[in-house]
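Peer 1: Next up, data.txt (compact mmCIF, C-alpha atoms and all ligand atoms).
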```
# COMPACT_ATOMS: atom_id res chain seq x y z
CA MET B 782 -10.35 2.76 21.61
CA ARG B 783 -9.06 5.04 18.89
CA ILE B 784 -7.65 3.48 15.77
CA VAL B 785 -6.11 5.35 12.84
CA VAL B 786 -5.89 3.71 9.43
CA PRO B 787 -4.00 5.39 6.56
CA ALA B 788 -5.64 3.87 3.47
CA GLY B 789 -5.60 3.71 -0.31
CA GLY B 790 -8.47 2.32 -2.36
CA ILE B 791 -9.52 -1.30 -2.68
CA GLY B 792 -7.06 -2.94 -0.26
CA GLY B 793 -7.64 -0.23 2.32
CA ALA B 794 -11.42 -0.26 1.97
CA ARG B 795 -11.74 -4.03 2.27
CA PHE B 796 -9.49 -4.09 5.33
CA LEU B 797 -11.56 -1.32 6.91
CA ARG B 798 -14.76 -3.24 6.34
CA GLY B 799 -13.13 -6.20 8.10
CA LEU B 800 -11.99 -3.97 10.95
CA LYS B 801 -15.49 -2.63 11.47
CA ALA B 802 -16.82 -6.19 11.52
CA ALA B 803 -14.11 -7.26 13.95
CA LEU B 804 -14.97 -4.43 16.34
CA GLY B 805 -18.63 -5.35 16.18
CA THR B 806 -21.72 -3.28 15.59
CA GLY B 807 -21.80 -2.06 19.20
CA ALA B 808 -18.77 0.16 18.76
CA ASP B 809 -19.46 3.88 18.48
CA LEU B 810 -17.77 4.61 15.21
CA THR B 811 -19.18 7.99 14.36
CA GLY B 812 -19.46 10.13 17.49
CA ASP B 813 -17.27 13.03 18.54
CA ASP B 814 -14.70 10.51 19.63
CA PRO B 815 -14.72 8.16 16.66
CA THR B 816 -13.26 4.70 16.96
CA ILE B 817 -11.77 4.64 13.47
CA THR B 818 -10.21 7.59 11.70
CA VAL B 819 -9.15 6.93 8.11
CA ILE B 820 -6.43 9.04 6.51
CA GLY B 821 -7.30 8.68 2.84
CA ASN B 822 -4.81 8.88 0.00
CA THR B 823 -5.49 11.77 -2.36
CA GLY B 824 -2.42 11.31 -4.56
CA ASP B 825 -4.56 9.51 -7.16
CA ASP B 826 -6.90 12.49 -7.49
CA ILE B 827 -7.42 13.91 -10.94
CA THR B 828 -9.49 16.56 -12.70
CA LEU B 829 -11.26 15.26 -15.82
CA PHE B 830 -13.96 17.08 -17.82
CA GLY B 831 -13.83 19.80 -15.19
CA LEU B 832 -14.72 17.32 -12.43
CA ARG B 833 -12.56 16.73 -9.36
CA ILE B 834 -12.28 12.98 -8.86
CA CYS B 835 -10.89 11.34 -5.69
CA PRO B 836 -10.79 7.61 -6.45
CA ASP B 837 -9.44 6.36 -3.14
CA LEU B 838 -11.67 8.48 -0.89
CA ASP B 839 -14.66 7.35 -2.95
CA THR B 840 -13.66 3.68 -2.84
CA VAL B 841 -13.50 3.83 0.96
CA MET B 842 -16.75 5.79 1.19
CA TYR B 843 -18.70 3.56 -1.21
CA THR B 844 -17.30 0.30 0.23
CA LEU B 845 -18.09 1.18 3.83
CA GLY B 846 -21.35 2.89 2.89
CA GLY B 847 -22.70 -0.04 0.89
CA GLY B 848 -22.55 1.57 -2.56
CA ILE B 849 -19.52 -0.16 -4.05
CA ASN B 850 -19.43 -2.42 -7.10
CA GLU B 851 -18.39 -5.53 -5.17
CA SER B 852 -16.88 -7.63 -7.93
CA GLN B 853 -14.89 -4.74 -9.39
CA GLY B 854 -13.88 -3.28 -6.03
CA TRP B 855 -14.21 0.34 -7.21
CA GLY B 856 -17.02 2.48 -8.61
CA ARG B 857 -20.74 2.35 -7.91
CA ALA B 858 -22.96 -0.70 -7.83
CA GLU B 859 -25.57 -0.84 -10.61
CA GLU B 860 -23.56 1.64 -12.62
CA SER B 861 -24.20 2.75 -16.21
CA PHE B 862 -21.90 4.68 -18.54
CA ALA B 863 -24.11 6.89 -20.68
CA VAL B 864 -22.17 10.08 -19.83
CA LYS B 865 -18.87 8.42 -20.75
CA GLU B 866 -20.35 7.21 -24.07
CA GLU B 867 -21.77 10.62 -24.89
CA LEU B 868 -18.45 12.32 -24.12
CA ALA B 869 -16.68 9.83 -26.40
CA ALA B 870 -19.22 10.56 -29.15
CA TYR B 871 -18.14 14.21 -28.93
CA GLY B 872 -14.54 13.07 -29.33
CA MET B 873 -13.72 14.24 -25.82
CA GLN B 874 -10.46 12.96 -24.32
CA PRO B 875 -9.58 10.98 -22.34
CA THR B 876 -11.69 7.91 -23.05
CA TRP B 877 -9.76 5.52 -20.80
CA PHE B 878 -11.20 6.62 -17.46
CA GLY B 879 -14.15 4.59 -16.15
CA LEU B 880 -16.49 7.47 -15.40
CA GLY B 881 -19.85 6.04 -14.34
CA ASP B 882 -23.14 7.95 -14.36
CA ARG B 883 -23.88 7.49 -10.66
CA ASP B 884 -20.28 8.29 -9.83
CA VAL B 885 -20.53 11.54 -11.80
CA ALA B 886 -23.03 12.88 -9.27
CA THR B 887 -20.45 12.50 -6.50
CA HIS B 888 -17.88 14.37 -8.59
CA ILE B 889 -20.34 17.15 -9.39
CA VAL B 890 -21.13 17.68 -5.71
CA ARG B 891 -17.41 17.71 -4.89
CA THR B 892 -16.45 20.04 -7.73
CA GLN B 893 -19.27 22.47 -6.97
CA MET B 894 -18.43 22.63 -3.27
CA MET B 895 -14.74 23.12 -3.99
CA ALA B 896 -15.56 25.89 -6.47
CA ALA B 897 -17.55 27.53 -3.67
CA GLY B 898 -14.42 27.46 -1.53
CA TYR B 899 -14.89 24.44 0.69
CA PRO B 900 -11.72 22.43 1.39
CA LEU B 901 -11.66 18.77 0.38
CA SER B 902 -11.96 17.69 4.02
CA ALA B 903 -15.27 19.55 4.38
CA VAL B 904 -16.48 18.19 1.04
CA THR B 905 -15.61 14.64 2.08
CA GLU B 906 -17.50 15.09 5.33
CA ALA B 907 -20.53 16.32 3.39
CA LEU B 908 -20.41 13.36 1.00
CA CYS B 909 -20.11 11.01 3.97
CA ASP B 910 -23.32 12.50 5.42
CA ARG B 911 -25.07 10.52 2.74
CA TRP B 912 -22.95 7.36 2.82
CA ARG B 913 -22.45 7.00 6.57
CA PRO B 914 -19.29 4.92 6.24
CA GLY B 915 -19.09 4.45 10.03
CA VAL B 916 -15.59 5.89 10.20
CA ARG B 917 -14.25 9.42 10.18
CA LEU B 918 -12.82 9.79 6.68
CA LEU B 919 -10.18 12.50 6.34
CA PRO B 920 -8.21 13.27 3.18
CA MET B 921 -4.47 13.22 3.90
CA THR B 922 -4.33 16.87 2.86
CA ASP B 923 -6.57 19.65 1.60
CA ASP B 924 -3.78 20.75 -0.71
CA ARG B 925 -3.35 19.50 -4.22
CA VAL B 926 -0.90 16.59 -4.30
CA GLU B 927 -0.83 14.43 -7.42
CA THR B 928 1.21 11.37 -8.20
CA HIS B 929 2.92 11.58 -11.58
CA VAL B 930 4.93 8.87 -13.27
CA VAL B 931 8.02 9.63 -15.35
CA VAL B 932 8.20 7.37 -18.40
CA ALA B 933 10.54 7.11 -21.37
CA ASP B 934 9.46 8.86 -24.56
CA ALA B 935 9.63 7.16 -27.95
CA ASP B 936 12.45 9.58 -28.92
CA GLY B 937 14.54 8.74 -25.85
CA GLY B 938 13.39 11.67 -23.72
CA ARG B 939 11.39 11.56 -20.51
CA ARG B 940 7.88 12.74 -19.82
CA ALA B 941 5.67 12.75 -16.77
CA ILE B 942 2.11 11.51 -16.98
CA HIS B 943 -0.59 11.47 -14.32
CA PHE B 944 -0.61 8.27 -12.25
CA GLN B 945 -4.12 7.43 -13.50
CA GLU B 946 -3.01 7.56 -17.12
CA TRP B 947 -0.09 5.25 -16.37
CA TRP B 948 -2.18 2.88 -14.23
CA ILE B 949 -5.41 2.66 -16.21
CA ARG B 950 -4.53 3.56 -19.77
CA HIS B 951 -1.13 1.84 -19.88
CA ARG B 952 -1.95 -0.82 -17.25
CA ALA B 953 1.37 0.11 -15.55
CA ALA B 954 3.14 -1.62 -18.44
CA LEU B 955 5.25 1.42 -19.44
CA PRO B 956 8.40 1.13 -17.33
CA ALA B 957 8.30 3.86 -14.69
CA LEU B 958 11.60 5.73 -14.33
CA GLU B 959 10.39 7.68 -11.34
CA ILE B 960 7.25 8.24 -9.30
CA VAL B 961 6.79 11.83 -8.15
CA SER B 962 4.35 13.20 -5.62
CA VAL B 963 3.78 16.64 -7.19
CA GLY B 964 2.99 19.30 -4.61
CA ALA B 965 3.80 17.11 -1.61
CA GLU B 966 6.58 19.26 -0.21
CA ASP B 967 4.31 22.29 0.05
CA ALA B 968 1.31 20.36 1.38
CA ALA B 969 0.02 20.35 4.95
CA PRO B 970 -1.89 17.52 6.61
CA ALA B 971 -5.66 18.08 6.52
CA PRO B 972 -7.23 19.34 9.75
CA GLY B 973 -7.46 16.51 12.25
CA VAL B 974 -4.92 14.19 10.63
CA VAL B 975 -1.95 14.73 12.95
CA GLU B 976 -4.28 15.20 15.93
CA ALA B 977 -5.92 11.82 15.21
CA VAL B 978 -2.54 10.08 15.03
CA GLU B 979 -1.43 11.72 18.27
CA ALA B 980 -4.65 10.64 20.02
CA ALA B 981 -4.61 7.13 18.57
CA ASP B 982 -4.15 4.04 20.69
CA VAL B 983 -2.84 2.24 17.63
CA VAL B 984 -2.28 2.81 13.92
CA LEU B 985 -3.01 -0.01 11.48
CA LEU B 986 -1.63 -0.03 7.94
CA PRO B 987 -3.97 -1.97 5.66
CA PRO B 988 -2.63 -3.89 2.67
CA SER B 989 -2.64 -0.80 0.46
CA ASN B 990 -0.20 0.02 -2.29
CA PRO B 991 3.01 0.84 -0.38
CA VAL B 992 4.21 3.37 -2.94
CA VAL B 993 1.30 5.33 -4.37
CA SER B 994 -1.17 4.90 -1.48
CA ILE B 995 0.72 4.63 1.83
CA GLY B 996 3.81 6.29 0.33
CA SER B 997 1.81 9.35 -0.75
CA ILE B 998 0.29 9.73 2.71
CA LEU B 999 3.75 9.43 4.33
CA GLY B 1000 4.97 12.10 1.90
CA VAL B 1001 2.77 14.83 3.37
CA PRO B 1002 5.11 16.77 5.67
CA GLY B 1003 4.48 15.97 9.32
CA VAL B 1004 2.51 12.78 8.79
CA ARG B 1005 5.37 10.31 8.85
CA ALA B 1006 6.89 11.92 11.95
CA ALA B 1007 3.56 11.68 13.77
CA LEU B 1008 3.14 8.04 12.77
CA GLU B 1009 6.66 7.21 13.94
CA ARG B 1010 5.65 8.24 17.46
CA ALA B 1011 2.63 5.88 17.40
CA THR B 1012 2.36 2.10 17.65
CA VAL B 1013 2.02 0.97 14.03
CA VAL B 1014 1.28 -2.51 12.71
CA GLY B 1015 0.96 -3.17 8.98
CA VAL B 1016 -0.48 -5.90 6.78
CA SER B 1017 1.67 -6.95 3.84
CA PRO B 1018 0.10 -6.17 0.46
CA ILE B 1019 2.55 -8.63 -1.08
CA ILE B 1020 2.02 -12.37 -0.77
CA GLY B 1021 4.57 -14.84 -2.08
CA GLY B 1022 6.40 -12.17 -4.07
CA ALA B 1023 3.31 -10.81 -5.89
CA PRO B 1024 0.62 -8.21 -5.28
CA VAL B 1025 -2.60 -10.08 -4.67
CA ARG B 1026 -4.45 -8.00 -7.20
CA GLY B 1027 -3.42 -4.98 -9.18
CA MET B 1028 0.05 -4.01 -10.33
CA ALA B 1029 1.75 -2.73 -7.18
CA ASP B 1030 4.92 -4.58 -8.21
CA ALA B 1031 5.42 -2.04 -11.00
CA CYS B 1032 5.39 0.76 -8.43
CA LEU B 1033 7.87 -1.02 -6.16
CA THR B 1034 10.20 -1.69 -9.08
CA ALA B 1035 10.06 2.01 -9.98
CA ILE B 1036 11.39 2.99 -6.54
CA GLY B 1037 13.94 0.18 -6.42
CA VAL B 1038 12.20 -1.99 -3.82
CA GLU B 1039 11.91 -5.73 -4.34
CA THR B 1040 8.39 -7.14 -4.53
CA SER B 1041 8.42 -9.10 -1.30
CA ALA B 1042 6.72 -8.85 2.06
CA ALA B 1043 10.05 -8.32 3.85
CA ALA B 1044 11.34 -5.70 1.41
CA VAL B 1045 8.19 -3.61 1.76
CA ALA B 1046 8.50 -3.67 5.56
CA ALA B 1047 12.18 -2.76 5.35
CA HIS B 1048 11.24 0.09 3.01
CA PHE B 1049 8.77 1.47 5.57
CA GLY B 1050 11.48 0.93 8.18
CA PRO B 1051 11.57 0.06 11.88
CA GLU B 1052 11.12 3.74 12.86
CA LEU B 1053 7.64 3.57 11.35
CA LEU B 1054 6.65 -0.07 11.83
CA ASP B 1055 6.42 -1.85 15.15
CA GLY B 1056 4.79 -4.96 13.73
CA TRP B 1057 4.19 -6.53 10.32
CA LEU B 1058 1.84 -9.31 9.34
CA VAL B 1059 2.94 -11.50 6.45
CA ASP B 1060 1.10 -14.35 4.80
CA THR B 1061 1.92 -17.93 5.79
CA ALA B 1062 3.55 -18.23 2.36
CA ASP B 1063 6.14 -15.70 3.62
CA ALA B 1064 6.50 -17.22 7.10
CA GLY B 1065 10.30 -17.02 6.93
CA ALA B 1066 10.34 -13.24 6.42
CA ALA B 1067 12.40 -11.28 8.94
CA VAL B 1068 12.75 -7.51 9.21
CA GLU B 1069 15.27 -5.97 11.56
CA GLY B 1070 13.63 -4.04 14.37
CA VAL B 1071 10.10 -5.15 13.43
CA THR B 1072 7.99 -7.92 15.02
CA VAL B 1073 6.87 -10.16 12.15
CA ARG B 1074 3.99 -12.64 12.43
CA ALA B 1075 2.69 -14.97 9.74
CA ARG B 1076 -0.99 -15.76 9.15
CA PRO B 1077 -3.28 -16.11 6.14
CA LEU B 1078 -3.65 -12.68 4.52
CA TYR B 1079 -6.08 -13.22 1.64
CA MET B 1080 -9.12 -11.01 2.13
CA SER B 1081 -11.24 -13.57 0.32
CA ASP B 1082 -14.52 -13.11 2.22
CA PRO B 1083 -15.92 -11.00 5.07
CA ASP B 1084 -14.95 -13.52 7.77
CA SER B 1085 -11.34 -13.96 6.66
CA THR B 1086 -11.00 -10.19 6.26
CA ALA B 1087 -12.36 -9.53 9.75
CA ALA B 1088 -9.92 -12.11 11.14
CA ILE B 1089 -7.00 -10.35 9.44
CA ALA B 1090 -8.10 -7.01 10.89
CA ARG B 1091 -8.53 -8.57 14.34
CA ALA B 1092 -5.03 -10.07 14.18
CA THR B 1093 -3.58 -6.71 13.15
CA LEU B 1094 -5.30 -4.93 16.00
CA ASP B 1095 -4.30 -7.63 18.50
CA LEU B 1096 -0.63 -7.43 17.52
CA ALA B 1097 -0.74 -3.63 17.76
CA LEU B 1098 -2.27 -3.74 21.25
CA GLU B 1099 0.28 -6.35 22.31
CA LEU B 1100 3.21 -4.27 21.04
CA LYS B 1101 1.78 -1.10 22.52
CA GLY B 1102 1.60 -2.84 25.88
CA GLY B 1103 5.25 -3.77 25.54
CA ARG B 1104 6.24 -0.21 24.70
CA SER B 1105 4.53 1.66 27.51
P1 LIG B 1201 -5.99 0.89 -4.80
O1 LIG B 1201 -5.81 2.34 -4.44
O2 LIG B 1201 -7.36 0.56 -5.24
O3 LIG B 1201 -4.91 0.35 -5.65
O4 LIG B 1201 -5.93 0.11 -3.42
P2 LIG B 1201 -4.92 0.08 -2.23
O5 LIG B 1201 -3.75 0.94 -2.45
O6 LIG B 1201 -5.67 0.23 -0.96
O7 LIG B 1201 -4.49 -1.44 -2.21
C1 LIG B 1201 -4.11 -2.17 -3.31
C2 LIG B 1201 -3.20 -3.27 -2.82
O8 LIG B 1201 -3.89 -4.15 -1.95
C3 LIG B 1201 -2.73 -4.16 -3.94
O9 LIG B 1201 -1.53 -3.63 -4.43
C4 LIG B 1201 -2.50 -5.51 -3.29
O10 LIG B 1201 -1.11 -5.67 -3.09
C5 LIG B 1201 -3.22 -5.40 -1.96
N1 LIG B 1201 -4.26 -6.41 -1.79
C6 LIG B 1201 -5.39 -6.53 -2.49
N2 LIG B 1201 -6.12 -7.60 -2.05
C7 LIG B 1201 -5.42 -8.15 -1.04
C8 LIG B 1201 -5.62 -9.28 -0.17
O11 LIG B 1201 -6.63 -9.99 -0.25
N3 LIG B 1201 -4.66 -9.54 0.76
C9 LIG B 1201 -3.54 -8.75 0.88
N4 LIG B 1201 -2.65 -9.07 1.82
N5 LIG B 1201 -3.31 -7.70 0.08
C10 LIG B 1201 -4.23 -7.40 -0.87
CA CA B 1202 -5.49 4.29 -5.40
```
Represent the supplied structure as structure tokens.
Ligand code: GDP
Ligand code: CA
Peer 2:
Amino acid sequence: MRIVVPAGGIGGARFLRGLKAALGTGADLTGDDPTITVIGNTGDDITLFGLRICPDLDTVMYTLGGGINESQGWGRAEESFAVKEELAAYGMQPTWFGLGDRDVATHIVRTQMMAAGYPLSAVTEALCDRWRPGVRLLPMTDDRVETHVVVADADGGRRAIHFQEWWIRHRAALPALEIVSVGAEDAAPAPGVVEAVEAADVVLLPPSNPVVSIGSILGVPGVRAALERATVVGVSPIIGGAPVRGMADACLTAIGVETSAAAVAAHFGPELLDGWLVDTADAGAAVEGVTVRARPLYMSDPDSTAAIARATLDLALELKGGRS
């Protein structure tokens, strides 16, 4: 079976770990015909101190490869921050980004390979040689696409800041007037992305940020159209009108979408979604043209997460059967 999962960071990575568990250790996840292909969001990517940083690709890679800081959900386990402290002592800006020492090595490898001319997809494959995430991890694009957030200036004007500055430094508390995927219109899907979707039995959307994670992936020309031809089932990242963790509601508000499980599904639309899992707290949710099922959606431990992934896959296979 071939499964494609477009994914952001923490929500995507945890769902993927559950999906791997649900499929069992016997599944061949890494061969020439991989069971799971992940299309990773690169809209959060940023260059700091000359280093190319891909937070969502790294979160997926570290989580599935056993190197993640579990309680935090991002960054390396057993991390230290000497480099960050030394940079701050030099007065280097910015100081708000959580750049860990172990993490820096990943960024150095990536930056060096990219400077030598390797595309991000090849770099990601090389990094995954070490981490063995058990999935094929593809960036959504090899082109530079960066999410920027337009905020109001103190003097009444508007300015765009990088998504990371808005999210981490301002904790998404500055009202966002607009969220822009800079470079998206000229980007092409990375090699293998469209092919993987076309070859997929099913596509599963994890509970990732619908705007800056899934939305960025859908914004790469050709990706949404390919996904619309596939059987797609998503997991709501919104439970009872709130993002479970993080500040995804601020992103939804910025694009004029209500923070509810039904509104997010309606925003993706019935052309994209065949099925949508909502939490039991949202059992009444209905979305025209989409099969909605309610079940517990808190990824609180490995077992509950695997059960969510299993339910997503089961609904997708059921709906695929009905389509063909
Ligand atoms: P990020 O890039 O690290 O922000 O991660 P993602 O984009 O993959 O996912 C973040 C989203 O996952 C958050 O906005 C939450 O809405 C959602 N989320 C996190 N934990 C859970 C959970 O346990 N259950 C569900 N249903 N959604 C979750
Ligand atoms: Ca992210």
Peer 1: Let me make sure I understand: among B:Gly1022, B:Gly973, B:Gly996, B:Gly915, which one has the smallest atom-to-atom distance to ligand CA 1202 (chain B) if we use only C-alpha atoms and all ligand atoms?
Peer 2: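 Among the listed residues, the smallest separation from ligand CA 1202 (chain B) belongs to B:Gly996.
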Peer 1: For a quick check of understanding, using all atoms listed in the file, which of B:Ala1047, B:Val1001, B:Ala869, B:Ala1035 has the smallest distance to Ser1017 of chain B?
Peer 2: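 The answer is B:Ala1047, which sits nearest to Ser1017 of chain B.
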Peer 1: Find, counting all atoms listed in the file, the residue in B:Val975, B:Leu1094, B:Thr922, B:Ala1043 that gets nearest to Gly1021 of chain B.
Peer 2: B:Ala1043
Peer 1: Just want the 6 Å neighbourhood of Ser989 of chain B, counted on all atoms listed in the file, with same-chain residues fewer than 5 positions away dropped. Output as a list in words.
Peer 2: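 Here the qualifying residues turn out to be Gly789, Gly792 and Gly793 of chain B.
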Peer 1: Would you please work out which residue, of B:Val819, B:Leu1096, B:Ala788, B:Leu918, is nearest to ligand LIG 1201 (chain B) when using all atoms listed in the file?
Peer 2: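 Selected residue with least distance to ligand LIG 1201 (chain B): B:Ala788.
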Peer 1: Expressed in Å to a single decimal, how great is the separation between atom CA of Val1013 of chain B and atom CA of ligand CA 1202 (chain B)?
Peer 2: 21.1 Å
Peer 1: Could you check the closest approach to ligand CA 1202 (chain B) for each of B:Thr892, B:Asn822, B:Thr1093, B:Ser962 and tell me which residue wins, using all atoms listed in the file?
Peer 2: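 That would be B:Asn822, the residue with the smallest distance to ligand CA 1202 (chain B).
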Peer 1: Is it possible to get the residues within 12 Å of (1.1, -10.2, -4.6) (coordinates as in the file, counting only C-alpha atoms) written as JSON, numbers by chain?
Peer 2: {"B": [792, 988, 989, 990, 991, 1017, 1018, 1019, 1020, 1021, 1022, 1023, 1024, 1025, 1026, 1027, 1028, 1029, 1030, 1031, 1033, 1039, 1040, 1041, 1042, 1045, 1059, 1060, 1062, 1063, 1078, 1079]}
Peer 1: Between atom O5 of ligand LIG 1201 (chain B) and atom CA of Ile995 of chain B, what distance in Å does the model show, to one decimal?
Peer 2: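 According to the coordinates, atom O5 of ligand LIG 1201 (chain B) and atom CA of Ile995 of chain B are separated by 7.2 Å.
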Peer 1: Around ligand CA 1202 (chain B), out to 10 Å and counting all atoms listed in the file, which residues are there? I want them as a list in words.
Peer 2: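 Written in the requested form, the residues are Ala788, Gly789, Gly790, Ile791, Gly792, Gly793, Gly821, Asn822, Thr823, Gly824, Asp825, Asp826, Cys835, Pro836, Asp837, Leu838, Asp839, Thr840, Trp855, Phe944, Gln945, Trp948, Ser989, Asn990, Val993, Ser994 and Ile995 of chain B.
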Peer 1: Give me a file of those residues, with C-alpha atoms, as a PDB file, keeping the file's coordinate frame.
Peer 2:
```
ATOM      1  CA  ALA B 788      -5.640   3.870   3.470  1.00  0.00           C
ATOM      2  CA  GLY B 789      -5.600   3.710  -0.310  1.00  0.00           C
ATOM      3  CA  GLY B 790      -8.470   2.320  -2.360  1.00  0.00           C
ATOM      4  CA  ILE B 791      -9.520  -1.300  -2.680  1.00  0.00           C
ATOM      5  CA  GLY B 792      -7.060  -2.940  -0.260  1.00  0.00           C
ATOM      6  CA  GLY B 793      -7.640  -0.230   2.320  1.00  0.00           C
ATOM      7  CA  GLY B 821      -7.300   8.680   2.840  1.00  0.00           C
ATOM      8  CA  ASN B 822      -4.810   8.880   0.000  1.00  0.00           C
ATOM      9  CA  THR B 823      -5.490  11.770  -2.360  1.00  0.00           C
ATOM     10  CA  GLY B 824      -2.420  11.310  -4.560  1.00  0.00           C
ATOM     11  CA  ASP B 825      -4.560   9.510  -7.160  1.00  0.00           C
ATOM     12  CA  ASP B 826      -6.900  12.490  -7.490  1.00  0.00           C
ATOM     13  CA  CYS B 835     -10.890  11.340  -5.690  1.00  0.00           C
ATOM     14  CA  PRO B 836     -10.790   7.610  -6.450  1.00  0.00           C
ATOM     15  CA  ASP B 837      -9.440   6.360  -3.140  1.00  0.00           C
ATOM     16  CA  LEU B 838     -11.670   8.480  -0.890  1.00  0.00           C
ATOM     17  CA  ASP B 839     -14.660   7.350  -2.950  1.00  0.00           C
ATOM     18  CA  THR B 840     -13.660   3.680  -2.840  1.00  0.00           C
ATOM     19  CA  TRP B 855     -14.210   0.340  -7.210  1.00  0.00           C
ATOM     20  CA  PHE B 944      -0.610   8.270 -12.250  1.00  0.00           C
ATOM     21  CA  GLN B 945      -4.120   7.430 -13.500  1.00  0.00           C
ATOM     22  CA  TRP B 948      -2.180   2.880 -14.230  1.00  0.00           C
ATOM     23  CA  SER B 989      -2.640  -0.800   0.460  1.00  0.00           C
ATOM     24  CA  ASN B 990      -0.200   0.020  -2.290  1.00  0.00           C
ATOM     25  CA  VAL B 993       1.300   5.330  -4.370  1.00  0.00           C
ATOM     26  CA  SER B 994      -1.170   4.900  -1.480  1.00  0.00           C
ATOM     27  CA  ILE B 995       0.720   4.630   1.830  1.00  0.00           C
TER      28      ILE B 995
END
```
Peer 1: As an exercise, work out the distance from atom CA of Asp910 of chain B to atom CA of Asp882 of chain B in Å and give it to one decimal place.
Peer 2: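 For atom CA of Asp910 of chain B relative to atom CA of Asp882 of chain B, the distance reads 20.3 Å.
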Peer 1: Kindly indicate which residue among B:Ile949, B:Pro1002, B:Tyr843, B:Ala1044 lies nearest to Trp877 of chain B, using only C-alpha atoms for the distances.
Peer 2: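 Distance minimum relative to Trp877 of chain B lands on B:Ile949.
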Peer 1: Quick one: residues within 10 Å of Ala1092 of chain B, all atoms listed in the file, excluding same-chain residues fewer than 6 positions away - as a list in words?
Peer 2: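 With the cut-off at 10 Å, the set is Leu800, Ala803, Val1014, Val1016, Leu1058, Arg1074, Arg1076, Thr1086 and Leu1098 of chain B.
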Peer 1: Excluding Leu908 of chain B and residues on its chain fewer than 3 positions from it, collect all residues at most 12 Å away from it, counting all atoms listed in the file, and give them as a list in words.
Peer 2: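 Returned residues: Cys835, Leu838, Asp839, Val841, Met842, Tyr843, Gly846, Asp884, Ala886, Thr887, His888, Ile889, Val890, Arg891, Thr892, Met894, Leu901, Ser902, Ala903, Val904, Thr905, Arg911, Trp912, Arg913, Pro914, Arg917, Leu918 and Leu919 of chain B.
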Peer 1: Around the point (-25.9, 1.4, -2.1) in the file's coordinates, collect all residues with an atom within 7 Å, using all atoms listed in the file, and return them as a ChimeraX atom specification.
Peer 2: /B:846-849,858
Peer 1: Would you list the contacts of Leu955 of chain B as a list of chain:residue names, taking every protein, DNA or RNA residue within 9 Å and counting all atoms listed in the file, but skipping same-chain residues closer than 5 positions in sequence?
Peer 2: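 These residues fall inside the cut-off: B:Val932, B:Ala933, B:Trp947.
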Peer 1: If we count all atoms listed in the file and set the cut-off at 7 Å, which residues sit around Val786 of chain B, ignoring sequence neighbours fewer than 2 positions away in its own chain? Please answer as a list in words.
Peer 2: Ile784, Ala788, Thr818, Val819, Ile820, Val984, Leu985 and Leu986 of chain B
